[in-house]
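In what follows, a structure is listed as structure tokens, so that the remarks can point back to it.
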Amino acid sequence: MIQIKNLSFSYRKGSLLYKDLSLLLTNGSIYGLLGKNGAGKSTLLKNIAGSLFPTGGSISVDGMIPQKRLPSFLSTVYYIPEECYVPALTSKQYTALYGVFYPNFNASQLNDYLKELDVVIEGKLSALSFGQQKKFIIAFALACNTNVILMDEPTNSLDIPSKTQFRKLIASVMNNERIILISTHQTRDLENLIDQVVILDNGNLLLNTSVKEITSKLHFETVNELPAGSMVIYSEEQLKGISIVRENRSGEDSRLNLEHLFNGATQNPNLLNQIFNLKK
Amino acid sequence: MNDIFDIKRFFWLFKKSVLERPALLLGLLAVTLATTLLTYISLQKIGGLGSAQVGAFFLGLLIGGSFLASSVFGYFSSTSSGISYLLLPASHLEKWLCGIIISGGLFVLIYLGFYRVIDVCFVNIYRNNLDPNSPDYLNLYNSAQILSFNSENVRYIFIMFFYISGAMLLGSLYFNKVSFIKVALLIFAFIISTYFINLLFGSFFFNHIESSFPFTNVHLKVGNEVGIINMPSALTKTASFIFTYVIPTILWLLSYLRLKEKEA
């Protein structure tokens with residue numbers, strides 16, 4: 001469980017990126033972390049991983065404090081930054097030098113994941129393309145079998161087939177013990193993968209809700225004209241009509257559109273609050 | 001799991017630190033040893049064996065040692081490698097020990113071993129080239145001695161090495177880019193400003209100061225007469241102890257605290 005209480009963070013004195021941010025992430029879920037550029041998604045992941053320290057408030061991951069960076073904590077959390085560091089080592093050397101630090105690391109799983117992601121390594125990892133390096137690190141992170149996996153824009157620089165393979169792989173490694181938190185701009189890459197949505201804007205938490213709850217409370221559809229009398233949190237004119245996100249009063253089923261949800265949440269946070277009865 | 005120190009984990013970390021960047025570490029070592037050898041040869045031709053011994057020892061240990069110390073925590077030159085290093089499951093103590101063993105222990109041992117080998121060779125070559133029929137033969141033969149690592153000159157060089165390496169190690173944790181140059185400039189600025197601040201304070205107490213060295217003495221010049229006022233010996237001893245042992249130790253220990261607080 002990741003518990004964030006009244007988190008404040010700033011890179012410079014006087015300008016807080018977060019102020020009193022509280023968030024609870026429970027095991028057994030894949031979270032999609034959405035936010036605009038500069039909203040602090042990467043910063044939040046780094047705070048959870050322990051590479052940045054909160055200015056105020058607290059973070060605990062399974063009862064441990066990331067800021068202390070104790071080996072017992074670090075061996076249960078894997079953070080994949082947007083730009084991965086890959087030394088000039090072969091896959092075998094990397095595995096031998098890094099894998100030992102993770103008690104649950106499984107080399108045969110790594111090989112399986114590399115196959116699934118179509119990563120063929122001949123020579124040193126640093127000679128691979130950026131996308132291949134990223135896929136290697138994703139496979140390695142999953143093979144470490146840590147309880148918490150934090151991914152910052154994992155699908156950036158992945159080609160279209162790789163994105164599909166990535167989704168399949170993540171879904172296959174998920175279990176009730178794990179928390180996977182994925183920060184992304186590429187909302188479509190995550191739509192069928194995540195079961196919880198976290199939206200951040202201007203240092204505030206706009207939403208932390210399950211996909212099930214979102215689709216039970218919101219309806220995503222395309223209409224010819226805006227329905228009268230319903231709470232519409234987002235609308236966008238398209239060729240086939242107007243795509244809207246509105247309050248779901250009748251319990252109709254619809255497919256989550258993360259991009260529209262995100263736009264609606266950031267444009268009409270008060271309306272969203274009203275629908276989800278979120279506590280400020 | 002021991003979160004402070006685990007010998008097995010420390011061994012893994014040490015192995016990783018060396019094998020991950022062999023080109024950097026071994027390259028620096030090779031350049032240092034080659035520079036020492038070339039300096040030894042050049043200085044011997046210019047100023048004789050004695051100055052070559054001290055000069056080459058000084059240059060190799062200080063330049064090589066400070067470059068190595070500024071690179072041993074060089075992971076922070078890029079954010080991604082800095083994050084990878086900080087989040088590697090090893091304790092702060094293990095990471096710090098690994099850095100200081102490489103830059104302050106292993107390097108010194110290898111350097112001293114190499115230096116002793118070349119010194120023995122050059123002293124023997126020098127002695128073999130002497131004319132046994134020369135009246136000065138015995139004097140010259142006996143004057144060519146292997147540089148003692150216990151001599152006062154070497155002791156001062158060691159102190160300087162621990163100062164500069166400690167500052168470089170600490171500086172590399174403060175400055176992510178070109179830390180070597182930044183720290184070298186800071187050391188230079190510190191030495192210059194210390195000298196002049198000391199001179200300024202000296203001028204409050206004495207007139208006619210010619211020069212003044214911090215924590216040692218003041219040279220006064222009146223007309224053609226020059227006098228030296230030494231600091232009381234008890235104070236000089238205390239200052240010497242502080243400068244020889246306390247400050248270098250603080251510099252090395254501060255790098256541990258800085259590593260603990262380092263963010264990326």
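By order in the structure tokens, chains are A, B, ...; within a chain, residues start at 1; ligands start at 1, following the order shown.
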For this session: Could the residues of chain A within 6 Å of chain B, counting only C-alpha atoms, be given as JSON, numbers by chain, please?
Result: {"A": [51, 52, 70, 71, 74, 75, 84, 85, 97, 101]}
Could you save those same residues with N, CA and C atoms as a PDB file, in the first residue's frame?
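For reference, part25.pdb as written:
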ATOM      1  N   SER A  51      13.904   8.918  -4.793  1.00  0.00           N
ATOM      2  CA  SER A  51      15.023   9.658  -5.399  1.00  0.00           C
ATOM      3  C   SER A  51      14.858  11.165  -5.184  1.00  0.00           C
ATOM      4  N   LEU A  52      13.647  11.605  -4.863  1.00  0.00           N
ATOM      5  CA  LEU A  52      13.417  12.991  -4.430  1.00  0.00           C
ATOM      6  C   LEU A  52      12.752  12.934  -3.054  1.00  0.00           C
ATOM      7  N   LEU A  70      16.389   2.643   2.371  1.00  0.00           N
ATOM      8  CA  LEU A  70      16.972   1.443   2.961  1.00  0.00           C
ATOM      9  C   LEU A  70      16.938   0.317   1.926  1.00  0.00           C
ATOM     10  N   PRO A  71      17.939  -0.552   1.943  1.00  0.00           N
ATOM     11  CA  PRO A  71      17.949  -1.651   0.976  1.00  0.00           C
ATOM     12  C   PRO A  71      16.676  -2.500   1.017  1.00  0.00           C
ATOM     13  N   LEU A  74      14.293  -0.498  -1.051  1.00  0.00           N
ATOM     14  CA  LEU A  74      14.679  -0.390  -2.462  1.00  0.00           C
ATOM     15  C   LEU A  74      14.552  -1.713  -3.215  1.00  0.00           C
ATOM     16  N   SER A  75      14.700  -2.823  -2.479  1.00  0.00           N
ATOM     17  CA  SER A  75      14.596  -4.113  -3.164  1.00  0.00           C
ATOM     18  C   SER A  75      13.147  -4.534  -3.409  1.00  0.00           C
ATOM     19  N   CYS A  84      15.848   5.911 -19.484  1.00  0.00           N
ATOM     20  CA  CYS A  84      16.479   4.845 -18.691  1.00  0.00           C
ATOM     21  C   CYS A  84      17.997   4.908 -18.801  1.00  0.00           C
ATOM     22  N   TYR A  85      18.640   4.483 -17.737  1.00  0.00           N
ATOM     23  CA  TYR A  85      20.102   4.386 -17.770  1.00  0.00           C
ATOM     24  C   TYR A  85      20.487   2.943 -18.079  1.00  0.00           C
ATOM     25  N   LEU A  97      25.200  -8.375 -12.557  1.00  0.00           N
ATOM     26  CA  LEU A  97      25.605  -7.294 -11.652  1.00  0.00           C
ATOM     27  C   LEU A  97      24.433  -6.644 -10.928  1.00  0.00           C
ATOM     28  N   PHE A 101      20.806  -7.837  -6.488  1.00  0.00           N
ATOM     29  CA  PHE A 101      20.294  -6.919  -5.459  1.00  0.00           C
ATOM     30  C   PHE A 101      18.795  -7.119  -5.184  1.00  0.00           C
TER      31      PHE A 101
END
For this session: List every residue of segment 35-237 of chain A that DSSP, applied to the backbone, labels as strand (DSSP E or B), and write the result as an NGL selection string.
Result: :A and (35 or 56-61 or 64 or 77-80 or 90 or 124 or 148-152 or 179-183 or 196-201 or 204-210 or 218-223 or 232-237)
Exercise. Near Phe140 of chain A, counting only C-alpha atoms, which residues have an atom at most 10 Å away, once you skip same-chain residues fewer than 5 positions from it, shown as a VMD selection string?
Worked result: chain A and resid 78 91 94 to 95 98 to 99 105 to 107 109 to 111 113 to 114 134 to 135 145
Exercise. Between atom CA of Thr238 of chain B and atom CA of Ile209 of chain B, what is the spacing in Å?
Worked result: 24.1 Å
Exercise. Which of segment 53-229 of chain B counts as helix (DSSP H, G or I) under DSSP, as a ChimeraX atom specification please?
Worked result: /B:53-72,74-77,79-86,92-128,137-143,152-174,179-205
Exercise. What's the 9 Å shell around Asn257 of chain A, counting only C-alpha atoms, without same-chain residues fewer than 5 positions away, as a ChimeraX atom specification?
Worked result: /A:187-188,191,220,245,262
Write the residues of the selection above to a file with C-alpha atoms, as a CSV table (one decimal), in the first residue's frame.
chain,number,residue,atom,x,y,z
A,187,THR,CA,-3.8,7.8,-22.5
A,188,ARG,CA,-4.9,5.4,-25.3
A,191,GLU,CA,-7.2,2.5,-21.6
A,220,PHE,CA,-19.0,8.3,-22.6
A,245,VAL,CA,-18.7,12.8,-21.0
A,262,PHE,CA,-8.9,13.8,-18.3
Problem set entry | Shell around Gly264 of chain A at 6 Å using only C-alpha atoms, local window under 3 positions removed, as a list in words |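 Everything that qualifies: Ile233, Tyr234, His260, Leu261, Gln267 and Asn268 of chain A.
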For this session: Would you list the contacts of Ser172 of chain A as a PyMOL selection string, taking every protein, DNA or RNA residue within 12 Å and counting only C-alpha atoms, but skipping same-chain residues closer than 4 positions in sequence?
Result: chain A and resi 30+109+112-113+116+142+165-168+178+193
I need the residues from that last selection saved to file as a PDB file, in the first residue's frame (with C-alpha atoms), if you can.
ATOM      1  CA  ILE A  30      -2.732  -0.946 -11.989  1.00  0.00           C
ATOM      2  CA  GLN A 109      11.392 -14.739 -16.453  1.00  0.00           C
ATOM      3  CA  ASP A 112      10.633 -14.838 -21.373  1.00  0.00           C
ATOM      4  CA  TYR A 113       9.747 -11.145 -21.062  1.00  0.00           C
ATOM      5  CA  GLU A 116       7.559 -11.309 -25.475  1.00  0.00           C
ATOM      6  CA  LEU A 142       9.237  -7.060 -14.088  1.00  0.00           C
ATOM      7  CA  GLN A 165       3.086  -6.370 -26.186  1.00  0.00           C
ATOM      8  CA  PHE A 166       3.704  -4.052 -23.264  1.00  0.00           C
ATOM      9  CA  ARG A 167       0.031  -4.031 -22.279  1.00  0.00           C
ATOM     10  CA  LYS A 168      -0.198  -7.814 -22.545  1.00  0.00           C
ATOM     11  CA  ARG A 178       1.516  -5.736  -6.640  1.00  0.00           C
ATOM     12  CA  LEU A 193      -4.868  -1.880 -18.975  1.00  0.00           C
TER      13      LEU A 193
END
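Atom pair atom CA of Val246 of chain B / atom CA of Ile164 of chain B: separated by 14.0 Å.
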Exercise. Which residue, A:Thr155, A:Asn273, A:Asn204, A:Gln133, has the smallest gap to Ile170 of chain A when you use only C-alpha atoms?
Worked result: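 With only C-alpha atoms as the atom set, the closest residue is A:Thr155.
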Exercise. Expressed in Å to a single decimal, how great is the separation between atom CA of Lys115 of chain A and atom CA of Leu33 of chain A?
Worked result: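 Atom-to-atom, atom CA of Lys115 of chain A to atom CA of Leu33 of chain A, that is 27.6 Å.
The environment of Gly99 of chain B within 9 Å, counting only C-alpha atoms and disregarding residues fewer than 2 places along the same chain, consists of B:Phe14, B:Ser17, B:Ala69, B:Val72, B:Phe73, B:Glu94, B:Lys95, B:Trp96, B:Leu97, B:Ile101, B:Ile102, B:Ser103, B:Gly104, B:Leu169.
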Dump of C-alpha atoms for the selected residues, as a tab-separated table (two decimals), in the first residue's frame:
chain	number	residue	atom	x	y	z
B	14	PHE	CA	31.96	-3.19	-5.23
B	17	SER	CA	31.12	-0.37	-9.33
B	69	ALA	CA	37.75	10.90	-6.53
B	72	VAL	CA	33.84	7.68	-8.38
B	73	PHE	CA	30.41	9.23	-7.72
B	94	GLU	CA	27.96	0.56	1.47
B	95	LYS	CA	27.83	3.06	-1.41
B	96	TRP	CA	30.04	5.52	0.44
B	97	LEU	CA	32.52	2.85	1.54
B	101	ILE	CA	37.79	2.32	-0.90
B	102	ILE	CA	38.18	2.79	-4.65
B	103	SER	CA	39.47	6.37	-4.50
B	104	GLY	CA	41.23	6.43	-1.13
B	169	LEU	CA	34.57	13.42	-3.60
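The smallest atom-to-atom distance between Thr90 of chain A and any of A:Val119, A:Val77, A:Ile137, A:Ala127, using only C-alpha atoms, is found for A:Ala127.
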For this session: Go through B:Ser203, B:Thr244, B:Gln44, B:Ser211 and flag the residue nearest Asp119 of chain B, using only C-alpha atoms for the distances.
Result: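 Going through B:Ser203, B:Thr244, B:Gln44, B:Ser211 one by one, the smallest distance to Asp119 of chain B is for B:Gln44.
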Exercise. Smallest atom-to-atom distance to Thr215 of chain A: which of A:Gly251, A:Pro227, A:Gly38, A:Gly28, using only C-alpha atoms?
Worked result: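 Looking at the shortest contact to Thr215 of chain A, the residue is A:Gly251.
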